[in-house]
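Visitor: One file: entry-v9.pdb (PDB, C-alpha atoms).
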ATOM      1  CA  MET Q  12      15.014  21.468   0.754
ATOM      2  CA  THR Q  13      17.686  18.770   0.671
ATOM      3  CA  HIS Q  14      17.570  15.799  -1.647
ATOM      4  CA  ASP Q  15      16.850  13.428   1.267
ATOM      5  CA  THR Q  16      14.101  15.690   2.589
ATOM      6  CA  ASP Q  17      12.570  15.886  -0.876
ATOM      7  CA  ARG Q  18      12.695  12.098  -1.209
ATOM      8  CA  ASP Q  19      11.179  11.594   2.232
ATOM      9  CA  SER Q  20       8.439  14.141   1.567
ATOM     10  CA  LEU Q  21       7.497  12.506  -1.730
ATOM     11  CA  ALA Q  22       7.447   9.089  -0.046
ATOM     12  CA  LEU Q  23       5.110  10.408   2.651
ATOM     13  CA  ALA Q  24       2.831  11.974   0.033
ATOM     14  CA  ARG Q  25       2.710   8.726  -1.945
ATOM     15  CA  GLU Q  26       2.005   6.636   1.134
ATOM     16  CA  THR Q  27      -0.791   8.953   2.231
ATOM     17  CA  TRP Q  28      -2.407   8.761  -1.191
ATOM     18  CA  ARG Q  29      -1.999   4.977  -1.296
ATOM     19  CA  THR Q  30      -3.508   4.520   2.163
ATOM     20  CA  VAL Q  31      -6.618   6.561   1.426
ATOM     21  CA  GLU Q  32      -7.058   5.471  -2.208
ATOM     22  CA  PRO Q  33      -9.095   2.282  -1.476
ATOM     23  CA  TYR Q  34     -11.676   4.505   0.180
ATOM     24  CA  HIS Q  35     -12.277   6.090  -3.212
ATOM     25  CA  GLY Q  36     -11.511   3.037  -5.370
ATOM     26  CA  ALA Q  37     -14.250   1.000  -3.709
ATOM     27  CA  VAL Q  38     -16.774   2.744  -5.964
ATOM     28  CA  TYR Q  39     -15.416   0.918  -9.024
ATOM     29  CA  PHE Q  40     -16.216  -2.468  -7.471
ATOM     30  CA  SER Q  41     -19.338  -1.470  -5.569
ATOM     31  CA  PRO Q  42     -22.396  -3.663  -6.200
ATOM     32  CA  GLU Q  43     -24.545  -0.805  -4.951
ATOM     33  CA  ALA Q  44     -23.090   1.535  -7.569
ATOM     34  CA  ALA Q  45     -23.620  -1.100 -10.268
ATOM     35  CA  ALA Q  46     -27.236  -1.408  -9.136
ATOM     36  CA  GLN Q  47     -27.672   2.342  -9.441
ATOM     37  CA  TYR Q  48     -26.336   2.278 -13.004
ATOM     38  CA  ALA Q  49     -28.658  -0.633 -13.803
ATOM     39  CA  GLU Q  50     -31.596   1.446 -12.609
ATOM     40  CA  LEU Q  51     -30.578   4.071 -15.139
ATOM     41  CA  GLY Q  52     -30.528   1.365 -17.810
ATOM     42  CA  VAL Q  53     -26.838   0.634 -18.408
ATOM     43  CA  ASP Q  54     -24.396  -2.107 -17.432
ATOM     44  CA  ALA Q  55     -21.654  -1.637 -14.857
ATOM     45  CA  ARG Q  56     -18.889  -0.922 -17.377
ATOM     46  CA  THR Q  57     -20.923   1.743 -19.171
ATOM     47  CA  GLY Q  58     -21.819   3.088 -15.747
ATOM     48  CA  TYR Q  59     -18.137   3.366 -14.914
ATOM     49  CA  PHE Q  60     -17.296   5.441 -17.976
ATOM     50  CA  ALA Q  61     -20.404   7.600 -17.702
ATOM     51  CA  SER Q  62     -20.253   8.219 -13.956
ATOM     52  CA  ARG Q  63     -16.553   9.022 -13.824
ATOM     53  CA  SER Q  64     -16.705  11.326 -16.862
ATOM     54  CA  ALA Q  65     -20.055  12.864 -15.876
ATOM     55  CA  ALA Q  66     -18.334  15.778 -14.160
ATOM     56  CA  LEU Q  67     -17.045  16.814 -17.608
ATOM     57  CA  GLY Q  68     -20.587  17.012 -18.982
ATOM     58  CA  ALA Q  69     -21.996  15.136 -21.975
ATOM     59  CA  VAL Q  70     -18.592  14.827 -23.624
ATOM     60  CA  SER Q  71     -17.636  12.817 -26.672
ATOM     61  CA  ALA Q  72     -15.958   9.436 -26.611
ATOM     62  CA  ASP Q  73     -12.709  11.081 -27.707
ATOM     63  CA  VAL Q  74     -12.606  13.234 -24.569
ATOM     64  CA  VAL Q  75     -13.040  10.145 -22.375
ATOM     65  CA  ILE Q  76     -10.418   8.241 -24.378
ATOM     66  CA  ALA Q  77      -8.003  11.148 -23.905
ATOM     67  CA  THR Q  78      -8.558  11.668 -20.180
ATOM     68  CA  PHE Q  79      -8.887   8.011 -19.107
ATOM     69  CA  TYR Q  80      -5.888   7.223 -21.331
ATOM     70  CA  ASN Q  81      -5.276   3.467 -21.138
ATOM     71  CA  PHE Q  82      -8.580   1.891 -22.222
ATOM     72  CA  ASN Q  83      -9.150   0.399 -25.651
ATOM     73  CA  PRO Q  84     -10.912   3.210 -27.555
ATOM     74  CA  GLN Q  85     -13.450   0.728 -28.918
ATOM     75  CA  LEU Q  86     -14.525  -0.084 -25.370
ATOM     76  CA  VAL Q  87     -15.094   3.589 -24.609
ATOM     77  CA  ARG Q  88     -17.016   4.124 -27.836
ATOM     78  CA  ARG Q  89     -19.444   1.352 -26.881
ATOM     79  CA  ALA Q  90     -20.377   3.371 -23.788
ATOM     80  CA  ILE Q  91     -19.945   7.015 -24.788
ATOM     81  CA  PRO Q  92     -21.795   9.028 -26.033
ATOM     82  CA  SER Q  93     -24.754   6.618 -26.069
ATOM     83  CA  ALA Q  94     -24.873   6.739 -22.250
ATOM     84  CA  TRP Q  95     -26.029  10.354 -22.467
ATOM     85  CA  ASP Q  96     -29.085   9.204 -24.426
ATOM     86  CA  VAL Q  97     -30.019   7.043 -21.443
ATOM     87  CA  ALA Q  98     -29.516   9.646 -18.711
ATOM     88  CA  ALA Q  99     -27.971  13.076 -18.250
ATOM     89  CA  PRO Q 100     -24.476  13.301 -16.771
ATOM     90  CA  GLN Q 101     -25.886  14.749 -13.558
ATOM     91  CA  ARG Q 102     -27.922  11.586 -13.021
ATOM     92  CA  PHE Q 103     -24.860   9.386 -13.490
ATOM     93  CA  ALA Q 104     -22.900  11.496 -11.003
ATOM     94  CA  ALA Q 105     -25.758  11.240  -8.523
ATOM     95  CA  ALA Q 106     -26.003   7.486  -9.059
ATOM     96  CA  ARG Q 107     -22.299   7.078  -8.299
ATOM     97  CA  LEU Q 108     -22.588   9.084  -5.082
ATOM     98  CA  THR Q 109     -25.694   7.168  -4.010
ATOM     99  CA  GLY Q 110     -23.943   3.888  -4.739
ATOM    100  CA  ILE Q 111     -20.798   4.632  -2.749
ATOM    101  CA  ASP Q 112     -22.890   6.024   0.101
ATOM    102  CA  ALA Q 113     -24.689   2.686   0.365
ATOM    103  CA  THR Q 114     -21.435   0.730   0.094
ATOM    104  CA  LEU Q 115     -19.703   2.717   2.813
ATOM    105  CA  ARG Q 116     -22.680   2.391   5.139
ATOM    106  CA  ARG Q 117     -22.916  -1.365   4.538
ATOM    107  CA  ILE Q 118     -19.244  -2.236   4.932
ATOM    108  CA  LEU Q 119     -18.165   0.286   7.567
ATOM    109  CA  GLY Q 120     -21.410   0.407   9.525
ATOM    110  CA  ALA Q 121     -23.429   3.292  10.918
ATOM    111  CA  GLU Q 122     -21.219   3.748  14.004
ATOM    112  CA  ILE Q 123     -18.027   4.308  11.975
ATOM    113  CA  VAL Q 124     -19.748   6.423   9.326
ATOM    114  CA  SER Q 125     -20.881   8.870  12.007
ATOM    115  CA  SER Q 126     -17.797   8.616  14.231
ATOM    116  CA  PRO Q 127     -15.517  11.500  15.339
ATOM    117  CA  GLU Q 128     -12.692   9.713  13.510
ATOM    118  CA  MET Q 129     -14.615   9.973  10.258
ATOM    119  CA  VAL Q 130     -15.333  13.644  10.844
ATOM    120  CA  ARG Q 131     -11.659  14.373  11.475
ATOM    121  CA  ALA Q 132     -10.473  12.325   8.495
ATOM    122  CA  ALA Q 133     -12.913  14.167   6.247
ATOM    123  CA  GLU Q 134     -11.646  17.497   7.540
ATOM    124  CA  LEU Q 135      -8.012  16.621   6.845
ATOM    125  CA  ALA Q 136      -8.668  15.159   3.396
ATOM    126  CA  ARG Q 137     -10.794  18.126   2.374
ATOM    127  CA  THR Q 138      -8.050  20.509   3.496
ATOM    128  CA  ALA Q 139      -5.567  18.654   1.295
ATOM    129  CA  ALA Q 140      -7.901  18.516  -1.690
ATOM    130  CA  GLU Q 141      -8.835  22.174  -1.530
ATOM    131  CA  VAL Q 142      -5.173  23.197  -1.745
ATOM    132  CA  MET Q 143      -5.298  22.521  -5.480
ATOM    133  CA  VAL Q 144      -8.684  24.009  -6.358
ATOM    134  CA  SER Q 145      -6.996  27.224  -7.498
ATOM    135  CA  HIS Q 146      -4.432  25.239  -9.544
ATOM    136  CA  PRO Q 147      -6.492  23.304 -12.128
ATOM    137  CA  GLN Q 148      -4.264  24.004 -15.122
ATOM    138  CA  GLY Q 149      -3.489  20.852 -17.073
ATOM    139  CA  ARG Q 150      -5.724  18.731 -14.796
ATOM    140  CA  PRO Q 151      -9.005  18.205 -16.681
ATOM    141  CA  LEU Q 152     -10.497  15.372 -14.629
ATOM    142  CA  PHE Q 153      -9.490  17.022 -11.376
ATOM    143  CA  ALA Q 154     -10.902  20.389 -12.460
ATOM    144  CA  ALA Q 155     -14.200  18.844 -13.501
ATOM    145  CA  HIS Q 156     -14.651  16.990 -10.216
ATOM    146  CA  ALA Q 157     -13.491  19.984  -8.193
ATOM    147  CA  ALA Q 158     -16.389  21.958  -9.661
ATOM    148  CA  LEU Q 159     -18.931  19.512  -8.245
ATOM    149  CA  PRO Q 160     -20.653  20.504  -4.983
ATOM    150  CA  TRP Q 161     -19.223  19.033  -1.798
ATOM    151  CA  PRO Q 162     -21.428  16.443  -0.069
ATOM    152  CA  SER Q 163     -22.591  17.320   3.422
ATOM    153  CA  GLU Q 164     -22.028  14.068   5.308
ATOM    154  CA  PRO Q 165     -18.454  13.441   6.529
ATOM    155  CA  HIS Q 166     -18.064   9.952   5.042
ATOM    156  CA  LEU Q 167     -18.964  11.358   1.623
ATOM    157  CA  VAL Q 168     -16.790  14.440   2.140
ATOM    158  CA  LEU Q 169     -13.860  12.055   2.688
ATOM    159  CA  TRP Q 170     -14.775  10.109  -0.442
ATOM    160  CA  HIS Q 171     -15.137  13.247  -2.569
ATOM    161  CA  ALA Q 172     -11.859  14.658  -1.249
ATOM    162  CA  GLN Q 173     -10.017  11.490  -2.185
ATOM    163  CA  THR Q 174     -11.734  11.561  -5.579
ATOM    164  CA  LEU Q 175     -10.216  14.988  -6.190
ATOM    165  CA  LEU Q 176      -6.786  13.910  -4.955
ATOM    166  CA  ARG Q 177      -6.958  10.758  -7.060
ATOM    167  CA  GLU Q 178      -7.905  12.569 -10.262
ATOM    168  CA  PHE Q 179      -5.294  15.253  -9.554
ATOM    169  CA  ARG Q 180      -2.637  12.561  -9.307
ATOM    170  CA  GLY Q 181      -4.006  10.738 -12.341
ATOM    171  CA  ASP Q 182      -3.876  13.815 -14.558
ATOM    172  CA  GLY Q 183      -0.228  14.264 -13.602
ATOM    173  CA  HIS Q 184       0.490  10.588 -14.230
ATOM    174  CA  VAL Q 185      -0.899  10.862 -17.755
ATOM    175  CA  ALA Q 186       1.385  13.843 -18.368
ATOM    176  CA  ALA Q 187       4.376  11.817 -17.151
ATOM    177  CA  LEU Q 188       3.464   8.880 -19.387
ATOM    178  CA  LEU Q 189       3.078  11.131 -22.409
ATOM    179  CA  THR Q 190       6.420  12.773 -21.696
ATOM    180  CA  ALA Q 191       8.003   9.313 -21.553
ATOM    181  CA  GLY Q 192       6.540   8.494 -24.966
ATOM    182  CA  LEU Q 193       4.174   5.751 -23.823
ATOM    183  CA  SER Q 194       0.757   5.151 -25.312
ATOM    184  CA  GLY Q 195      -2.079   3.926 -23.112
ATOM    185  CA  ILE Q 196      -1.532   0.243 -23.828
ATOM    186  CA  GLU Q 197       2.255   0.633 -23.552
ATOM    187  CA  ALA Q 198       1.789   2.207 -20.135
ATOM    188  CA  LEU Q 199      -0.169  -0.871 -19.079
ATOM    189  CA  VAL Q 200       2.497  -3.208 -20.427
ATOM    190  CA  THR Q 201       5.233  -1.446 -18.465
ATOM    191  CA  HIS Q 202       3.026  -1.514 -15.370
ATOM    192  CA  ALA Q 203       2.592  -5.257 -15.764
ATOM    193  CA  ALA Q 204       6.293  -5.749 -16.472
ATOM    194  CA  ALA Q 205       7.109  -3.976 -13.212
ATOM    195  CA  GLY Q 206       5.309  -6.826 -11.446
ATOM    196  CA  ASP Q 207       2.685  -4.771  -9.612
ATOM    197  CA  VAL Q 208      -0.413  -6.166 -11.351
ATOM    198  CA  ASP Q 209      -0.987  -9.270 -13.444
ATOM    199  CA  ALA Q 210      -0.733  -8.600 -17.168
ATOM    200  CA  GLY Q 211      -3.952 -10.461 -17.921
ATOM    201  CA  VAL Q 212      -5.905  -8.372 -15.443
ATOM    202  CA  LEU Q 213      -4.629  -5.123 -16.938
ATOM    203  CA  ARG Q 214      -5.154  -6.258 -20.522
ATOM    204  CA  ASP Q 215      -8.645  -7.681 -20.022
ATOM    205  CA  SER Q 216      -9.977  -4.924 -17.764
ATOM    206  CA  ARG Q 217      -9.052  -2.361 -20.427
ATOM    207  CA  ALA Q 218     -10.346  -4.618 -23.236
ATOM    208  CA  TRP Q 219      -7.155  -4.871 -25.289
ATOM    209  CA  THR Q 220      -6.899  -7.936 -27.524
ATOM    210  CA  ALA Q 221      -4.061 -10.432 -27.240
ATOM    211  CA  GLN Q 222      -2.802  -9.250 -30.631
ATOM    212  CA  GLN Q 223      -2.790  -5.596 -29.611
ATOM    213  CA  TRP Q 224      -1.021  -6.490 -26.375
ATOM    214  CA  GLY Q 225       1.576  -8.559 -28.214
ATOM    215  CA  GLU Q 226       2.277  -5.751 -30.657
ATOM    216  CA  ALA Q 227       2.780  -3.312 -27.787
ATOM    217  CA  VAL Q 228       5.149  -5.744 -26.068
ATOM    218  CA  GLN Q 229       7.181  -6.157 -29.238
ATOM    219  CA  ASN Q 230       7.338  -2.413 -29.808
ATOM    220  CA  LEU Q 231       8.572  -1.823 -26.257
ATOM    221  CA  ARG Q 232      11.216  -4.535 -26.660
ATOM    222  CA  GLU Q 233      12.473  -2.864 -29.808
ATOM    223  CA  ARG Q 234      12.654   0.454 -27.951
ATOM    224  CA  GLY Q 235      14.607  -1.057 -25.075
ATOM    225  CA  TRP Q 236      11.953  -0.904 -22.370
ATOM    226  CA  LEU Q 237      11.614  -4.685 -21.974
ATOM    227  CA  ASP Q 238      13.952  -7.659 -21.727
ATOM    228  CA  ASP Q 239      13.986 -10.119 -24.604
ATOM    229  CA  GLY Q 240      13.433 -13.166 -22.380
ATOM    230  CA  PRO Q 241      10.357 -15.426 -22.277
ATOM    231  CA  HIS Q 242       8.761 -13.505 -19.414
ATOM    232  CA  LEU Q 243       7.397  -9.978 -19.403
ATOM    233  CA  ALA Q 244      10.017  -7.948 -17.539
ATOM    234  CA  LEU Q 245      11.477  -4.466 -17.683
ATOM    235  CA  SER Q 246      15.012  -4.080 -18.928
ATOM    236  CA  GLU Q 247      17.473  -2.204 -16.748
ATOM    237  CA  ASP Q 248      16.846   0.916 -18.793
ATOM    238  CA  GLY Q 249      13.100   0.308 -18.756
ATOM    239  CA  ALA Q 250      13.098  -0.012 -14.965
ATOM    240  CA  ARG Q 251      14.984   3.260 -14.732
ATOM    241  CA  ARG Q 252      12.547   5.018 -17.032
ATOM    242  CA  ARG Q 253       9.539   3.562 -15.242
ATOM    243  CA  ALA Q 254      10.980   4.761 -11.919
ATOM    244  CA  GLU Q 255      11.364   8.230 -13.438
ATOM    245  CA  ILE Q 256       7.675   8.182 -14.417
ATOM    246  CA  GLU Q 257       6.646   7.250 -10.884
ATOM    247  CA  HIS Q 258       8.940   9.892  -9.396
ATOM    248  CA  THR Q 259       7.509  12.546 -11.718
ATOM    249  CA  THR Q 260       3.984  11.451 -10.816
ATOM    250  CA  ASP Q 261       4.803  11.672  -7.106
ATOM    251  CA  ARG Q 262       6.345  15.101  -7.544
ATOM    252  CA  LEU Q 263       3.385  16.454  -9.519
ATOM    253  CA  ALA Q 264       0.923  15.081  -6.949
ATOM    254  CA  ALA Q 265       2.776  16.079  -3.777
ATOM    255  CA  LEU Q 266       1.669  19.660  -3.075
ATOM    256  CA  PRO Q 267      -1.606  18.864  -1.247
ATOM    257  CA  TYR Q 268       0.214  16.540   1.141
ATOM    258  CA  LEU Q 269       3.248  18.785   1.586
ATOM    259  CA  THR Q 270       0.886  21.614   2.495
ATOM    260  CA  LEU Q 271      -0.965  19.371   4.933
ATOM    261  CA  GLY Q 272       2.358  18.478   6.569
ATOM    262  CA  PRO Q 273       3.845  15.246   7.919
ATOM    263  CA  THR Q 274       1.979  15.254  11.242
ATOM    264  CA  ALA Q 275      -1.423  15.717   9.621
ATOM    265  CA  CYS Q 276      -0.583  13.188   6.880
ATOM    266  CA  ALA Q 277       0.321  10.622   9.527
ATOM    267  CA  GLU Q 278      -2.921  11.373  11.357
ATOM    268  CA  LEU Q 279      -4.952  11.016   8.151
ATOM    269  CA  CYS Q 280      -3.316   7.662   7.406
ATOM    270  CA  SER Q 281      -3.946   6.432  10.935
ATOM    271  CA  LEU Q 282      -7.595   7.442  10.804
ATOM    272  CA  VAL Q 283      -8.395   6.110   7.330
ATOM    273  CA  ARG Q 284      -6.323   2.916   7.321
ATOM    274  CA  PRO Q 285      -9.039   0.872   9.146
ATOM    275  CA  PHE Q 286     -11.675   2.187   6.729
ATOM    276  CA  SER Q 287      -9.548   1.351   3.706
ATOM    277  CA  LEU Q 288      -8.713  -2.106   5.054
ATOM    278  CA  ALA Q 289     -12.368  -2.947   5.604
ATOM    279  CA  LEU Q 290     -13.261  -1.852   2.083
ATOM    280  CA  ALA Q 291     -10.233  -3.544   0.511
ATOM    281  CA  LYS Q 292     -10.875  -6.874   2.229
ATOM    282  CA  GLU Q 293     -14.304  -7.082   0.621
ATOM    283  CA  LEU Q 294     -13.875  -5.256  -2.672
ATOM    284  CA  LEU Q 295     -10.149  -4.835  -3.440
ATOM    285  CA  PRO Q 296      -8.313  -7.808  -1.901
ATOM    286  CA  TRP Q 297      -5.114  -7.160  -3.922
ATOM    287  CA  ALA Q 298      -4.710  -3.823  -2.083
ATOM    288  CA  VAL Q 299      -4.752  -5.261   1.439
ATOM    289  CA  GLY Q 300      -1.012  -5.930   1.602
ATOM    290  CA  ARG Q 301      -0.246  -2.283   0.902
ATOM    291  CA  LEU Q 302      -2.297  -1.207   3.925
ATOM    292  CA  SER Q 303      -1.164  -3.662   6.571
ATOM    293  CA  VAL Q 304       1.645  -1.547   7.970
ATOM    294  CA  GLU Q 305       1.316   0.328  11.237
ATOM    295  CA  SER Q 306       2.436   3.727   9.999
ATOM    296  CA  PRO Q 307       3.174   5.490   6.695
TER     297      PRO Q 307
END
Give the structure from this file in structure tokens form.

Guide:
Amino acid sequence: MTHDTDRDSLALARETWRTVEPYHGAVYFSPEAAAQYAELGVDARTGYFASRSAALGAVSADVVIATFYNFNPQLVRRAIPSAWDVAAPQRFAAARLTGIDATLRRILGAEIVSSPEMVRAAELARTAAEVMVSHPQGRPLFAAHAALPWPSEPHLVLWHAQTLLREFRGDGHVAALLTAGLSGIEALVTHAAAGDVDAGVLRDSRAWTAQQWGEAVQNLRERGWLDDGPHLALSEDGARRRAEIEHTTDRLAALPYLTLGPTACAELCSLVRPFSLALAKELLPWAVGRLSVESP
């Protein structure tokens, strides 16, 4: 494989993941999922930690802190393990699936949910996801979710497949961040400095204090990741190192898409893009711009 081919293949894999990701990510902003967690007796944030980690079993807070990586540990400890006193992990996993089922049916509509396009998209995504089932080493969140039973309905098969692909990529991303010497909060700071997401959104959604954020910024400036100017920005060396992290993440996540092949990846993107756009417009408006192109 030539360098250009490798670069093009990784770009295709990344674009396929990015196009389908809102189909999974909708669950984190789903009012129906939040309502399901409320029925179990917890708030939406506790429901997030419990439902996403439920595949691991009734684990400790430290396991969730380790695998989720960039949340303030105090925030996790407020949710885990007390969530398991409210309901068993299996009930949280079921609540999440019920919630996203309702969200997909409401936003996409019954005709799309049962369409041939949905059936085909589910088939392609499942094929990609199942490539890695025999390769779980070093991928704890992926391995846990891969052990869950597959749903029967195509729109949920597509969602579960993207869940596996998302957690597979996320496990690799954590490995790349660790290799680069970044803590969870430092990873968020570099993400914000790259200009992709507002710093306040990243800081507040992960419950880091302004003081903790400031200390991380200062530490990264001293280590050469950030410019010394008044605005949060990567230095030239920091931009290079951040690009290396993203490249490593892409490389570690590419095999399912490389196995699927460029024609099938393009077909999957074409099929799912309208679904992802519909979900993003209502629940993830910041992701719409990434999905407005005609082809990957």

Visitor: For the file shown, what are the residues hit by the PyMOL selection byres ((chain Q and resi 107-117) around 9), laid out as a PyMOL selection string?

Guide: chain Q and resi 34-35+37-38+41-48+58-59+62-63+102-106+118-121+123-124+162+166-167+170-171+286+290

Visitor: Using all atoms listed in the file, pick whichever of Q:Ala191, Q:Ala61, Q:Ala198, Q:Ala265 has the shortest atom-to-atom distance to Q:Asp96.

Guide: Q:Ala61

Visitor: Would you mind reading off the distance between atom CA of Q:Tyr268 and atom CA of Q:Ala24, one decimal, in Å?

Guide: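 A separation of 5.4 Å between them.
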
Visitor: Hey, what's within 7 Å of stretch 136-144 of chain Q if we count all atoms listed in the file and toss same-chain stuff fewer than 2 positions away? As an MDAnalysis selection string, please?

Guide: chainID Q and resid 132:134 146:147 157 169 172:173 175:176 267:268 271

Visitor: Calculate how many Å separate atom CA of Q:Asp238 from atom CA of Q:Ala250, rounding to one decimal.

Guide: 10.2 Å

Visitor: Find the residues near Q:Phe79: any atom within 9 Å, counting all atoms listed in the file, skip ones fewer than 4 places away on the same chain, and give them as a CSV table (one decimal) with C-alpha atoms, in the frame of the given file.

Guide:
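Written file, selection_34.csv:
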chain,number,residue,atom,x,y,z
Q,60,PHE,CA,-17.3,5.4,-18.0
Q,64,SER,CA,-16.7,11.3,-16.9
Q,74,VAL,CA,-12.6,13.2,-24.6
Q,75,VAL,CA,-13.0,10.1,-22.4
Q,152,LEU,CA,-10.5,15.4,-14.6
Q,181,GLY,CA,-4.0,10.7,-12.3
Q,182,ASP,CA,-3.9,13.8,-14.6
Q,185,VAL,CA,-0.9,10.9,-17.8
Q,195,GLY,CA,-2.1,3.9,-23.1

Visitor: Quick one: residues within 7 Å of stretch 202-216 of chain Q, all atoms listed in the file counted, chain neighbours fewer than 4 positions away excluded, as a count of residues only?

Guide: 4

Visitor: To one decimal in Å, tell me the separation between atom CA of Q:Ala289 and atom CA of Q:Pro165.

Guide: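 Calculated distance between atom CA of Q:Ala289 and atom CA of Q:Pro165 is 17.5 Å.
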
Visitor: Just checking: using only C-alpha atoms, which residue out of Q:Gln223, Q:Asn230, Q:Thr174, Q:Ser281 ends up closest to Q:Gly192?

Guide: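 Once distances to Q:Gly192 are computed over only C-alpha atoms, the minimum belongs to Q:Asn230.
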
Visitor: Return as a list in words the set of residues that the PyMOL selection byres ((chain Q and resi 91) around 9) yields on the displayed structure.

Guide: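 For this structure, the PyMOL selection byres ((chain Q and resi 91) around 9) resolves to Thr57, Phe60, Ala61, Ala69, Val70, Ser71, Ala72, Asp73, Val75, Leu86, Val87, Arg88, Arg89, Ala90, Pro92, Ser93, Ala94 and Trp95 of chain Q.
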
Visitor: Using only C-alpha atoms, which of the listed residues (Q:Pro84, Q:Gly52, Q:Gly149, Q:Gly249) sits closest to Q:Arg217?

Guide: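 That would be Q:Pro84, the residue with the smallest distance to Q:Arg217.
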
Visitor: As a list in words, please: the residues near Q:Ser287 (cut-off 10 Å, only C-alpha atoms, same-chain neighbours under 3 positions excluded).

Guide: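 These residues fall inside the cut-off: Arg29, Thr30, Val31, Glu32, Pro33, Tyr34, His35, Gly36, Ala37, Leu119, Cys280, Leu282, Val283, Arg284, Leu290, Ala291, Lys292, Leu295, Ala298, Val299 and Leu302 of chain Q.
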
Visitor: Just write the chosen residues, C-alpha atoms, as a short mmCIF file (atom, residue, chain, number, x, y, z; two decimals), keeping the file's coordinate frame.

Guide:
data_model
loop_
_atom_site.label_atom_id
_atom_site.label_comp_id
_atom_site.auth_asym_id
_atom_site.auth_seq_id
_atom_site.Cartn_x
_atom_site.Cartn_y
_atom_site.Cartn_z
CA ARG Q 29 -2.00 4.98 -1.30
CA THR Q 30 -3.51 4.52 2.16
CA VAL Q 31 -6.62 6.56 1.43
CA GLU Q 32 -7.06 5.47 -2.21
CA PRO Q 33 -9.10 2.28 -1.48
CA TYR Q 34 -11.68 4.50 0.18
CA HIS Q 35 -12.28 6.09 -3.21
CA GLY Q 36 -11.51 3.04 -5.37
CA ALA Q 37 -14.25 1.00 -3.71
CA LEU Q 119 -18.16 0.29 7.57
CA CYS Q 280 -3.32 7.66 7.41
CA LEU Q 282 -7.60 7.44 10.80
CA VAL Q 283 -8.40 6.11 7.33
CA ARG Q 284 -6.32 2.92 7.32
CA LEU Q 290 -13.26 -1.85 2.08
CA ALA Q 291 -10.23 -3.54 0.51
CA LYS Q 292 -10.88 -6.87 2.23
CA LEU Q 295 -10.15 -4.84 -3.44
CA ALA Q 298 -4.71 -3.82 -2.08
CA VAL Q 299 -4.75 -5.26 1.44
CA LEU Q 302 -2.30 -1.21 3.92
#

Visitor: I need the residue nearest Q:Thr259 from this list: Q:Ser246, Q:Thr190, Q:Ser163, Q:Thr274. Use all atoms listed in the file for the distance.

Guide: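 Checking each candidate against Q:Thr259, we get Q:Thr190 as the closest.
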
Visitor: Here is a test: counting all atoms listed in the file, which residue of Q:Met129, Q:Ala187, Q:Ala155, Q:Ile76 is nearest to Q:Arg262?

Guide: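 Ranked by minimum distance to Q:Arg262, first place goes to Q:Ala187.
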
Visitor: Out of Q:Ala49, Q:Ala77, Q:Val228, Q:Ala22, which residue has the shortest atom-to-atom distance to Q:His258 when counting all atoms listed in the file?

Guide: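 Closest to Q:His258, using all atoms listed in the file: Q:Ala22.
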